[in-house]
$ cat start_8.txt   # compact mmCIF, C-alpha atoms and all ligand atoms
# COMPACT_ATOMS: atom_id res chain seq x y z
CA MET R 215 34.17 -132.03 71.02
CA LYS R 216 31.04 -129.91 70.54
CA LEU R 217 27.61 -130.89 71.80
CA GLN R 218 25.41 -132.66 69.30
CA THR R 219 23.06 -130.07 67.92
CA HIS R 220 19.85 -131.90 68.81
CA ARG R 221 18.23 -129.51 71.28
CA THR R 222 14.57 -129.85 72.02
CA TYR R 223 12.06 -127.03 72.61
CA ASN R 224 12.36 -127.20 76.39
CA PHE R 225 9.50 -125.56 78.30
CA ASN R 226 10.14 -127.40 81.56
CA ALA R 227 9.15 -125.51 84.71
CA GLY R 228 12.37 -126.37 86.54
CA PRO R 229 14.91 -127.78 86.24
CA SER R 230 14.67 -126.03 82.91
CA ALA R 231 16.58 -124.92 79.84
CA LEU R 232 20.16 -123.73 80.27
CA PRO R 233 21.99 -121.55 77.73
CA ILE R 234 23.69 -123.71 75.12
CA SER R 235 26.89 -121.64 75.31
CA VAL R 236 27.10 -122.36 79.06
CA LEU R 237 26.65 -126.09 78.48
CA GLU R 238 29.32 -126.05 75.79
CA LYS R 239 31.75 -124.19 78.02
CA ALA R 240 31.10 -126.60 80.90
CA GLN R 241 31.65 -129.50 78.53
CA ALA R 242 34.92 -128.04 77.23
CA GLU R 243 36.20 -127.42 80.78
CA LEU R 244 34.93 -130.65 82.30
CA ILE R 245 37.98 -132.91 82.25
CA ASP R 246 40.73 -130.38 82.81
CA PHE R 247 39.39 -127.28 84.51
CA ARG R 248 41.59 -124.35 83.48
CA GLY R 249 44.86 -126.27 83.61
CA THR R 250 44.29 -127.88 87.03
CA GLY R 251 44.22 -131.40 85.52
CA MET R 252 40.92 -131.98 87.34
CA SER R 253 37.27 -131.30 86.75
CA ILE R 254 35.61 -128.60 88.82
CA MET R 255 33.84 -131.38 90.72
CA GLU R 256 37.18 -132.82 91.81
CA LEU R 257 38.70 -129.57 93.07
CA SER R 258 38.88 -128.89 96.79
CA HIS R 259 36.38 -126.28 97.87
CA ARG R 260 39.28 -124.75 99.81
CA SER R 261 41.47 -124.39 96.71
CA ASN R 262 42.27 -121.02 95.14
CA ALA R 263 40.86 -122.20 91.82
CA TYR R 264 37.48 -122.96 93.40
CA GLU R 265 37.43 -119.88 95.60
CA GLU R 266 37.89 -117.71 92.55
CA ILE R 267 34.79 -119.23 90.91
CA HIS R 268 32.78 -118.88 94.12
CA ASN R 269 33.68 -115.22 94.66
CA GLN R 270 33.25 -114.39 91.01
CA ALA R 271 29.70 -115.82 91.07
CA ILE R 272 28.89 -113.64 94.10
CA HIS R 273 30.39 -110.61 92.39
CA SER R 274 28.47 -111.22 89.14
CA LEU R 275 25.14 -111.61 90.95
CA LYS R 276 25.81 -108.43 92.90
CA LYS R 277 26.52 -106.54 89.71
CA LEU R 278 23.60 -107.88 87.68
CA LEU R 279 20.98 -107.34 90.38
CA CYS R 280 22.61 -104.08 91.66
CA ILE R 281 22.84 -105.52 95.18
CA PRO R 282 24.20 -102.92 97.62
CA ASP R 283 27.10 -103.70 99.98
CA HIS R 284 24.87 -103.91 103.03
CA TYR R 285 23.48 -107.24 101.76
CA GLU R 286 25.07 -110.70 102.04
CA ILE R 287 24.78 -113.19 99.20
CA LEU R 288 24.63 -116.84 100.26
CA PHE R 289 24.74 -120.08 98.32
CA LEU R 290 22.85 -122.71 100.31
CA GLN R 291 21.42 -126.19 99.78
CA GLY R 292 18.02 -127.71 100.55
CA GLY R 293 16.18 -125.86 97.78
CA ALA R 294 13.74 -123.01 98.18
CA SER R 295 11.70 -125.47 100.28
CA LEU R 296 14.25 -125.37 103.10
CA GLN R 297 13.94 -121.58 103.10
CA PHE R 298 10.27 -122.03 103.98
CA SER R 299 11.51 -123.36 107.36
CA MET R 300 14.77 -121.41 107.77
CA ILE R 301 13.00 -118.05 107.50
CA PRO R 302 10.62 -118.54 110.45
CA MET R 303 13.27 -120.41 112.46
CA ASN R 304 15.61 -117.44 112.14
CA PHE R 305 13.20 -114.52 112.13
CA LEU R 306 9.83 -115.37 113.65
CA GLN R 307 10.57 -114.31 117.20
CA SER R 308 8.13 -115.27 119.93
CA GLY R 309 5.62 -112.52 120.64
CA LYS R 310 5.76 -111.42 116.99
CA LYS R 311 3.67 -112.35 113.96
CA ALA R 312 4.45 -112.76 110.29
CA GLY R 313 2.08 -112.07 107.38
CA TYR R 314 2.02 -114.30 104.32
CA VAL R 315 0.53 -113.19 101.00
CA MET R 316 -1.18 -116.24 99.56
CA THR R 317 -0.94 -116.40 95.78
CA GLY R 318 -0.55 -120.11 95.09
CA SER R 319 0.78 -123.48 96.12
CA TRP R 320 4.28 -122.28 97.00
CA SER R 321 2.93 -119.56 99.30
CA GLU R 322 0.78 -122.23 100.93
CA LYS R 323 3.80 -124.45 101.50
CA ALA R 324 5.79 -121.55 102.95
CA PHE R 325 2.86 -120.69 105.26
CA ILE R 326 2.41 -124.28 106.48
CA GLU R 327 6.10 -124.50 107.43
CA ALA R 328 6.09 -121.12 109.18
CA LYS R 329 3.06 -122.16 111.23
CA LEU R 330 5.21 -124.85 112.83
CA PHE R 331 7.40 -122.17 114.35
CA GLY R 332 5.13 -119.30 115.34
CA ASP R 333 2.21 -117.00 114.82
CA VAL R 334 1.45 -116.46 111.13
CA TYR R 335 -1.56 -115.12 109.25
CA HIS R 336 -2.73 -114.33 105.70
CA ALA R 337 -1.91 -110.73 104.79
CA ALA R 338 -4.01 -111.27 101.63
CA SER R 339 -5.14 -114.25 99.61
CA THR R 340 -6.45 -114.80 96.10
CA LYS R 341 -7.31 -118.44 96.83
CA ASP R 342 -11.08 -117.83 96.67
CA ASP R 343 -10.79 -116.64 93.07
CA GLY R 344 -8.73 -119.74 92.16
CA TYR R 345 -5.38 -117.93 92.34
CA HIS R 346 -6.06 -116.12 89.06
CA SER R 347 -4.49 -112.89 90.26
CA ILE R 348 -2.04 -111.08 92.51
CA PRO R 349 -3.54 -108.87 95.24
CA LYS R 350 -3.23 -105.10 94.81
CA VAL R 351 -0.39 -103.68 96.84
CA ASP R 352 -2.80 -101.47 98.81
CA GLU R 353 -4.99 -104.47 99.73
CA LEU R 354 -2.28 -106.10 101.85
CA GLN R 355 -3.13 -106.14 105.55
CA TYR R 356 -0.24 -106.47 107.94
CA ASN R 357 0.89 -105.03 111.23
CA HIS R 358 3.71 -102.60 111.59
CA GLN R 359 5.25 -104.58 114.48
CA ASP R 360 5.43 -107.82 112.44
CA ALA R 361 8.58 -109.92 112.22
CA TYR R 362 8.23 -109.90 108.42
CA LEU R 363 5.89 -110.04 105.44
CA HIS R 364 6.36 -112.87 102.94
CA LEU R 365 5.35 -113.01 99.27
CA THR R 366 6.00 -115.23 96.24
CA SER R 367 7.05 -113.00 93.34
CA ASN R 368 6.10 -115.45 90.60
CA ASN R 369 3.66 -118.31 90.98
CA THR R 370 5.19 -121.07 88.92
CA ILE R 371 2.13 -123.31 89.05
CA TYR R 372 -0.70 -120.79 88.49
CA GLY R 373 1.25 -118.49 86.16
CA THR R 374 0.79 -115.18 87.97
CA GLN R 375 3.47 -112.61 88.79
CA TRP R 376 3.80 -109.44 90.87
CA LYS R 377 4.28 -106.36 88.67
CA ASN R 378 5.29 -104.04 91.51
CA TYR R 379 6.19 -104.65 95.12
CA PRO R 380 4.84 -103.00 98.27
CA ASP R 381 6.84 -100.49 100.27
CA THR R 382 6.60 -102.07 103.69
CA GLY R 383 8.57 -99.46 105.64
CA ASP R 384 9.90 -100.97 108.87
CA VAL R 385 8.36 -104.39 108.22
CA PRO R 386 11.02 -106.61 106.65
CA LEU R 387 9.81 -107.82 103.25
CA ILE R 388 10.79 -111.35 102.22
CA ALA R 389 10.29 -112.78 98.73
CA ASP R 390 10.48 -116.21 97.21
CA MET R 391 11.81 -115.28 93.75
CA SER R 392 12.57 -118.84 92.68
CA SER R 393 10.86 -118.58 89.33
CA ASP R 394 11.52 -115.02 88.20
CA ILE R 395 14.80 -113.84 89.67
CA LEU R 396 17.09 -112.48 86.94
CA SER R 397 14.16 -112.10 84.52
CA LYS R 398 13.70 -108.31 84.95
CA PRO R 399 15.17 -105.41 86.93
CA PHE R 400 13.79 -104.80 90.44
CA ASP R 401 14.82 -102.80 93.49
CA VAL R 402 16.63 -105.06 95.95
CA ASN R 403 16.42 -102.29 98.56
CA LYS R 404 12.74 -103.04 99.13
CA PHE R 405 13.61 -106.45 100.56
CA ALA R 406 15.15 -107.73 103.77
CA LEU R 407 15.59 -111.21 102.30
CA ILE R 408 15.22 -112.73 98.84
CA TYR R 409 15.59 -116.42 98.09
CA ALA R 410 15.53 -118.52 94.95
CA GLY R 411 16.24 -122.10 94.00
CA ALA R 412 18.66 -121.86 91.07
CA GLN R 413 17.00 -124.36 88.75
CA LYS R 414 14.92 -121.95 86.66
CA ASN R 415 16.82 -118.80 85.68
CA LEU R 416 20.08 -119.19 87.57
CA GLY R 417 21.54 -122.59 86.81
CA PRO R 418 21.11 -126.23 87.77
CA SER R 419 19.26 -127.54 90.81
CA GLY R 420 21.22 -127.96 94.03
CA VAL R 421 22.03 -124.32 94.80
CA THR R 422 19.71 -121.87 96.55
CA VAL R 423 20.61 -118.20 96.43
CA VAL R 424 19.77 -116.07 99.47
CA ILE R 425 20.24 -112.30 99.46
CA ILE R 426 19.90 -110.89 102.96
CA ARG R 427 20.24 -107.41 104.44
CA LYS R 428 22.97 -107.34 107.07
CA ASP R 429 20.99 -105.48 109.75
CA PHE R 430 18.14 -108.00 109.36
CA LEU R 431 20.61 -110.88 109.64
CA GLU R 432 21.78 -109.50 112.97
CA GLN R 433 18.27 -109.96 114.41
CA ALA R 434 18.22 -113.73 113.74
CA ASN R 435 17.48 -116.25 116.49
CA THR R 436 20.55 -118.03 117.82
CA ASN R 437 18.98 -121.13 119.41
CA ILE R 438 18.64 -123.14 116.20
CA PRO R 439 20.82 -125.80 114.55
CA THR R 440 24.07 -124.44 113.16
CA MET R 441 23.44 -125.41 109.53
CA LEU R 442 20.10 -123.58 109.62
CA LYS R 443 21.56 -120.27 110.79
CA TYR R 444 21.96 -117.70 108.04
CA GLY R 445 24.62 -116.07 110.20
CA ILE R 446 26.98 -119.04 110.09
CA HIS R 447 26.84 -119.17 106.30
CA ALA R 448 27.33 -115.41 106.01
CA LYS R 449 30.30 -115.47 108.40
CA ASN R 450 31.92 -118.21 106.33
CA ASN R 451 31.15 -116.82 102.86
CA SER R 452 28.92 -119.91 102.26
CA LEU R 453 31.95 -122.14 102.86
CA TYR R 454 31.09 -123.34 106.39
CA ASN R 455 30.70 -126.81 104.92
CA THR R 456 31.19 -128.19 101.41
CA PRO R 457 29.12 -126.10 99.01
CA PRO R 458 27.59 -127.50 95.78
CA THR R 459 30.69 -126.55 93.80
CA PHE R 460 29.60 -127.64 90.33
CA GLY R 461 26.24 -125.89 90.68
CA ILE R 462 27.92 -122.66 91.80
CA TYR R 463 30.31 -122.86 88.84
CA MET R 464 27.33 -123.26 86.50
CA LEU R 465 25.52 -120.40 88.21
CA GLY R 466 28.56 -118.18 87.63
CA GLU R 467 28.60 -119.11 83.96
CA VAL R 468 24.86 -118.42 83.60
CA LEU R 469 25.43 -115.00 85.18
CA ASN R 470 28.28 -114.27 82.73
CA TRP R 471 25.96 -115.26 79.90
CA ALA R 472 23.23 -112.96 81.28
CA SER R 473 25.56 -109.98 81.47
CA GLY R 474 26.76 -110.75 77.93
CA LEU R 475 23.14 -110.38 76.78
CA GLY R 476 23.15 -106.82 78.14
CA GLY R 477 21.94 -107.41 81.71
CA LEU R 478 18.45 -107.30 83.14
CA ASP R 479 16.98 -104.56 80.92
CA ALA R 480 17.85 -106.47 77.77
CA ILE R 481 16.73 -109.79 79.27
CA SER R 482 13.43 -108.31 80.41
CA GLU R 483 12.73 -106.89 76.96
CA GLN R 484 13.39 -110.29 75.45
CA ASN R 485 11.14 -112.00 78.02
CA ASP R 486 8.28 -109.57 77.27
CA LYS R 487 8.48 -110.43 73.59
CA LYS R 488 8.66 -114.18 74.19
CA ALA R 489 5.66 -114.25 76.51
CA LYS R 490 3.68 -111.99 74.17
CA LEU R 491 4.01 -114.57 71.39
CA ILE R 492 2.10 -117.09 73.52
CA TYR R 493 -0.36 -114.66 75.15
CA ASP R 494 -1.21 -113.27 71.70
CA ALA R 495 -2.12 -116.78 70.53
CA ILE R 496 -4.37 -117.14 73.59
CA ASP R 497 -5.99 -113.72 73.17
CA ALA R 498 -6.61 -114.17 69.45
CA SER R 499 -8.17 -117.61 69.91
CA ASN R 500 -11.73 -116.47 70.72
CA GLY R 501 -11.75 -118.58 73.85
CA PHE R 502 -10.31 -121.73 72.25
CA TYR R 503 -7.44 -121.23 74.70
CA ALA R 504 -8.41 -119.78 78.10
CA GLY R 505 -5.56 -118.11 79.99
CA HIS R 506 -5.55 -118.86 83.73
CA ALA R 507 -4.17 -115.52 84.93
CA GLU R 508 -6.03 -112.21 84.93
CA PRO R 509 -4.31 -110.06 82.26
CA ASP R 510 -2.77 -107.65 84.81
CA SER R 511 -1.29 -110.55 86.81
CA ARG R 512 0.12 -112.57 83.92
CA SER R 513 3.47 -114.18 84.46
CA LEU R 514 6.13 -113.68 81.80
CA MET R 515 7.85 -116.85 83.00
CA ASN R 516 5.03 -119.43 83.26
CA ILE R 517 2.13 -119.06 80.86
CA THR R 518 -0.81 -121.21 81.94
CA PHE R 519 -3.97 -121.97 80.00
CA ASN R 520 -6.72 -124.51 79.43
CA LEU R 521 -8.61 -125.85 76.46
CA LYS R 522 -12.38 -126.34 76.40
CA SER R 523 -12.46 -130.00 77.40
CA LYS R 524 -10.13 -132.50 79.03
CA ASP R 525 -10.16 -134.56 75.82
CA LEU R 526 -9.13 -131.64 73.65
CA GLU R 527 -6.46 -130.69 76.17
CA LYS R 528 -5.07 -134.22 76.07
CA LYS R 529 -5.02 -134.16 72.27
CA PHE R 530 -3.24 -130.79 72.35
CA LEU R 531 -0.63 -131.99 74.84
CA ASP R 532 -0.05 -135.26 72.96
CA GLN R 533 0.40 -133.43 69.70
CA ALA R 534 2.69 -130.83 71.28
CA LYS R 535 4.86 -133.67 72.54
CA GLN R 536 4.97 -135.30 69.11
CA GLU R 537 6.04 -131.97 67.59
CA GLY R 538 8.99 -131.85 70.01
CA PHE R 539 7.68 -129.38 72.62
CA VAL R 540 8.69 -130.69 76.03
CA GLY R 541 7.24 -129.79 79.45
CA VAL R 542 3.95 -128.23 78.32
CA ASN R 543 1.78 -130.19 80.78
CA GLY R 544 0.50 -128.07 83.66
CA HIS R 545 1.71 -128.89 87.17
CA ARG R 546 0.38 -132.25 88.38
CA SER R 547 -1.69 -130.49 91.07
CA ILE R 548 -3.84 -128.42 88.68
CA GLY R 549 -3.41 -129.90 85.18
CA GLY R 550 -3.98 -127.80 82.06
CA CYS R 551 -1.08 -126.45 80.01
CA ARG R 552 1.94 -124.42 81.02
CA VAL R 553 4.71 -122.95 78.90
CA SER R 554 7.71 -121.97 80.98
CA ALA R 555 9.67 -119.38 79.03
CA TYR R 556 12.62 -118.73 81.32
CA ASN R 557 15.61 -116.63 80.27
CA ALA R 558 17.41 -119.43 78.46
CA VAL R 559 14.40 -120.48 76.37
CA PRO R 560 15.10 -118.99 72.93
CA SER R 561 12.47 -116.82 71.28
CA GLU R 562 12.41 -119.25 68.32
CA ALA R 563 10.98 -121.86 70.70
CA CYS R 564 8.16 -119.50 71.75
CA LYS R 565 7.52 -118.53 68.15
CA ALA R 566 7.35 -122.16 67.06
CA PHE R 567 4.97 -122.96 69.92
CA SER R 568 2.66 -120.02 69.19
CA GLU R 569 2.49 -121.17 65.56
CA PHE R 570 1.67 -124.66 66.73
CA MET R 571 -1.15 -123.25 68.91
CA VAL R 572 -2.68 -121.45 65.93
CA GLN R 573 -2.36 -124.52 63.70
CA PHE R 574 -3.91 -126.77 66.33
CA GLN R 575 -6.81 -124.38 66.77
CA ASN R 576 -7.38 -124.21 63.02
CA SER R 577 -7.51 -127.99 62.73
CA ASN R 578 -9.69 -128.53 65.79
CA SER R 579 -12.39 -125.87 65.74
C1 LIG V 1 8.11 -120.30 93.46
C2 LIG V 1 8.71 -121.57 93.97
N1 LIG V 1 9.06 -121.66 95.26
C3 LIG V 1 9.60 -122.78 95.77
C4 LIG V 1 9.84 -123.88 94.98
C5 LIG V 1 10.44 -125.11 95.59
O1 LIG V 1 11.76 -125.15 95.19
P1 LIG V 1 12.74 -126.37 95.54
O2 LIG V 1 12.28 -127.52 94.72
O3 LIG V 1 14.07 -125.81 95.13
O4 LIG V 1 12.65 -126.63 97.00
C6 LIG V 1 9.52 -123.84 93.63
C7 LIG V 1 9.77 -125.00 92.75
O5 LIG V 1 9.38 -125.06 91.62
C8 LIG V 1 8.93 -122.65 93.11
O6 LIG V 1 8.58 -122.56 91.82
$ encode --input "start_8.txt" --output "structure tokens" --more "lines below"
Ligand SMILES: Cc1ncc(COP(=O)(O)O)c(C=O)c1O
Amino acid sequence: MKLQTHRTYNFNAGPSALPISVLEKAQAELIDFRGTGMSIMELSHRSNAYEEIHNQAIHSLKKLLCIPDHYEILFLQGGASLQFSMIPMNFLQSGKKAGYVMTGSWSEKAFIEAKLFGDVYHAASTKDDGYHSIPKVDELQYNHQDAYLHLTSNNTIYGTQWKNYPDTGDVPLIADMSSDILSKPFDVNKFALIYAGAQKNLGPSGVTVVIIRKDFLEQANTNIPTMLKYGIHAKNNSLYNTPPTFGIYMLGEVLNWASGLGGLDAISEQNDKKAKLIYDAIDASNGFYAGHAEPDSRSLMNITFNLKSKDLEKKFLDQAKQEGFVGVNGHRSIGGCRVSAYNAVPSEACKAFSEFMVQFQNSNS
């Protein structure tokens, strides 16, 4: 049985749109997974059938992101939020400091957690300008003896995104890539650790991907709870305990879909075009729509903007909802409007929304 074709224009910030072909495949395989007579959720995580899916997902991620062999790929639970604590627990050794680049609410959360475990400071912050931008790479201030430097590659709430990453030399660079991993090519070699909750570009919620350089992993603290040690998960190929099997299966299917599209170059080109449709509507609006991000810091994943008054914004959001555009409200902490155009959001959805923006402006100015 095929899925009903009613699919909404889904601009949710996460969990967010998944590719229809992946959902259809999951549906087709749900009851009898590849002749096992069981669904993937009913298979033992120690079975050959499951292990094949697990290892294939690791292999596909490695291939798509060009991850060298001296990195481990882990599938963990607890969301990106648990990484905020696991990172300092494992790597913020006493006597050392860690710099955090503050570019929005998620950097703040990561900083607050790290402070519980050691000496942390702001390596740069754009808070005073309302998080409209990303700091310039040469403005970052950190010490060469630091345990690590942490940044958030894409700020899901404010709609800003790093365009290039610093070369931090001997200082291990750590990035929260929850909301833009897999959206464009980047050099993994610049990073000691990358983490991302899956629920935007990688699959459903419940899986967190961690990519960690092996020599960095070896420096981790050992006096922490077992489940919070990266080392134990690496040693056991993320099978120390029961992994989120269905989520990892979905992640593998999303990765297959992404390579079928032509990999990260093709995906990035598509994402540029999708975001441009919305930014063009903002830029051509003569201030009717005011983009939150400075143009050189604009996110291609989360496009944030405001209208002139709260009343007009409410009218816009109500009408967008009526027209079938879902998830356009800004994050509850800052309000406004946000279009999340992750990989699986089709360009037709962005085109339809940009047309709606123009129409709304014409009828309300
Ligand atoms: C950039 C970023 N980091 C961290 C998180 C928190 O992720 P989780 O809900 O998986 O803990 C989010 C969630 O939206 C996010 O966008």
$ residues_near_ligand --input "start_8.txt" --ligand "ligand LIG 1 (chain V)" --cutoff "7 Å" --atoms "only C-alpha atoms and all ligand atoms" --output "ChimeraX atom specification"
/R:227-228,292-296,320,366,368-370,390-393,411,419
$ closest_residue --input "start_8.txt" --among "R:Glu256, R:Asp342, R:Glu508, R:Asp384" --to "Ala406 of chain R" --atoms "all atoms listed in the file"
R:Asp384
$ closest_residue --input "start_8.txt" --among "R:Gly251, R:Gly344, R:Gly541, R:Pro386" --to "Ala312 of chain R" --atoms "all atoms listed in the file"
R:Pro386
$ atom_distance --input "start_8.txt" --atom1 "atom CA of Phe289 of chain R" --atom2 "atom CA of Ile245 of chain R"
24.5 Å
$ residues_around --input "start_8.txt" --residues "Met464 of chain R" --least-positions-apart "6" --cutoff "12 Å" --atoms "all atoms listed in the file" --output "ChimeraX atom specification"
/R:232-241,243-244,254-255,267-268,270-271,412-413,415-421,458,470-471
$ build_atoms --input "start_8.txt" --residues "segment 490-507 of chain R" --atoms "N, CA, C and O atoms" --output "CSV table (one decimal), keeping the file's coordinate frame"
chain,number,residue,atom,x,y,z
R,490,LYS,N,4.7,-112.6,75.0
R,490,LYS,CA,3.7,-112.0,74.2
R,490,LYS,C,3.3,-112.9,73.0
R,490,LYS,O,2.1,-113.0,72.6
R,491,LEU,N,4.3,-113.6,72.5
R,491,LEU,CA,4.0,-114.6,71.4
R,491,LEU,C,2.9,-115.6,71.8
R,491,LEU,O,2.0,-115.9,71.1
R,492,ILE,N,3.0,-116.1,73.0
R,492,ILE,CA,2.1,-117.1,73.5
R,492,ILE,C,0.8,-116.4,74.0
R,492,ILE,O,-0.3,-116.9,73.6
R,493,TYR,N,0.9,-115.3,74.7
R,493,TYR,CA,-0.4,-114.7,75.2
R,493,TYR,C,-1.2,-114.2,73.9
R,493,TYR,O,-2.4,-114.2,74.0
R,494,ASP,N,-0.5,-113.7,72.9
R,494,ASP,CA,-1.2,-113.3,71.7
R,494,ASP,C,-2.0,-114.4,71.1
R,494,ASP,O,-3.1,-114.3,70.6
R,495,ALA,N,-1.4,-115.6,71.1
R,495,ALA,CA,-2.1,-116.8,70.5
R,495,ALA,C,-3.3,-117.1,71.4
R,495,ALA,O,-4.4,-117.4,70.9
R,496,ILE,N,-3.2,-116.9,72.7
R,496,ILE,CA,-4.4,-117.1,73.6
R,496,ILE,C,-5.4,-116.1,73.3
R,496,ILE,O,-6.6,-116.4,73.1
R,497,ASP,N,-5.0,-114.8,73.3
R,497,ASP,CA,-6.0,-113.7,73.2
R,497,ASP,C,-6.7,-113.7,71.8
R,497,ASP,O,-7.8,-113.2,71.7
R,498,ALA,N,-6.0,-114.2,70.8
R,498,ALA,CA,-6.6,-114.2,69.4
R,498,ALA,C,-7.4,-115.4,69.2
R,498,ALA,O,-8.0,-115.6,68.1
R,499,SER,N,-7.6,-116.3,70.2
R,499,SER,CA,-8.2,-117.6,69.9
R,499,SER,C,-9.7,-117.6,70.1
R,499,SER,O,-10.3,-118.7,70.0
R,500,ASN,N,-10.3,-116.5,70.5
R,500,ASN,CA,-11.7,-116.5,70.7
R,500,ASN,C,-12.2,-117.5,71.8
R,500,ASN,O,-13.2,-118.1,71.6
R,501,GLY,N,-11.4,-117.7,72.8
R,501,GLY,CA,-11.8,-118.6,73.8
R,501,GLY,C,-11.4,-120.0,73.6
R,501,GLY,O,-11.6,-120.9,74.5
R,502,PHE,N,-10.8,-120.3,72.5
R,502,PHE,CA,-10.3,-121.7,72.2
R,502,PHE,C,-9.3,-122.1,73.3
R,502,PHE,O,-9.3,-123.2,73.9
R,503,TYR,N,-8.4,-121.1,73.6
R,503,TYR,CA,-7.4,-121.2,74.7
R,503,TYR,C,-7.9,-120.2,75.8
R,503,TYR,O,-8.1,-119.1,75.5
R,504,ALA,N,-8.0,-120.7,77.0
R,504,ALA,CA,-8.4,-119.8,78.1
R,504,ALA,C,-7.2,-119.6,79.0
R,504,ALA,O,-6.8,-120.6,79.7
R,505,GLY,N,-6.7,-118.4,79.1
R,505,GLY,CA,-5.6,-118.1,80.0
R,505,GLY,C,-6.0,-118.2,81.4
R,505,GLY,O,-7.1,-117.8,81.8
R,506,HIS,N,-5.2,-118.7,82.3
R,506,HIS,CA,-5.6,-118.9,83.7
R,506,HIS,C,-5.5,-117.5,84.4
R,506,HIS,O,-6.3,-117.2,85.2
R,507,ALA,N,-4.4,-116.8,84.2
R,507,ALA,CA,-4.2,-115.5,84.9
R,507,ALA,C,-5.0,-114.4,84.4
R,507,ALA,O,-5.2,-114.3,83.2
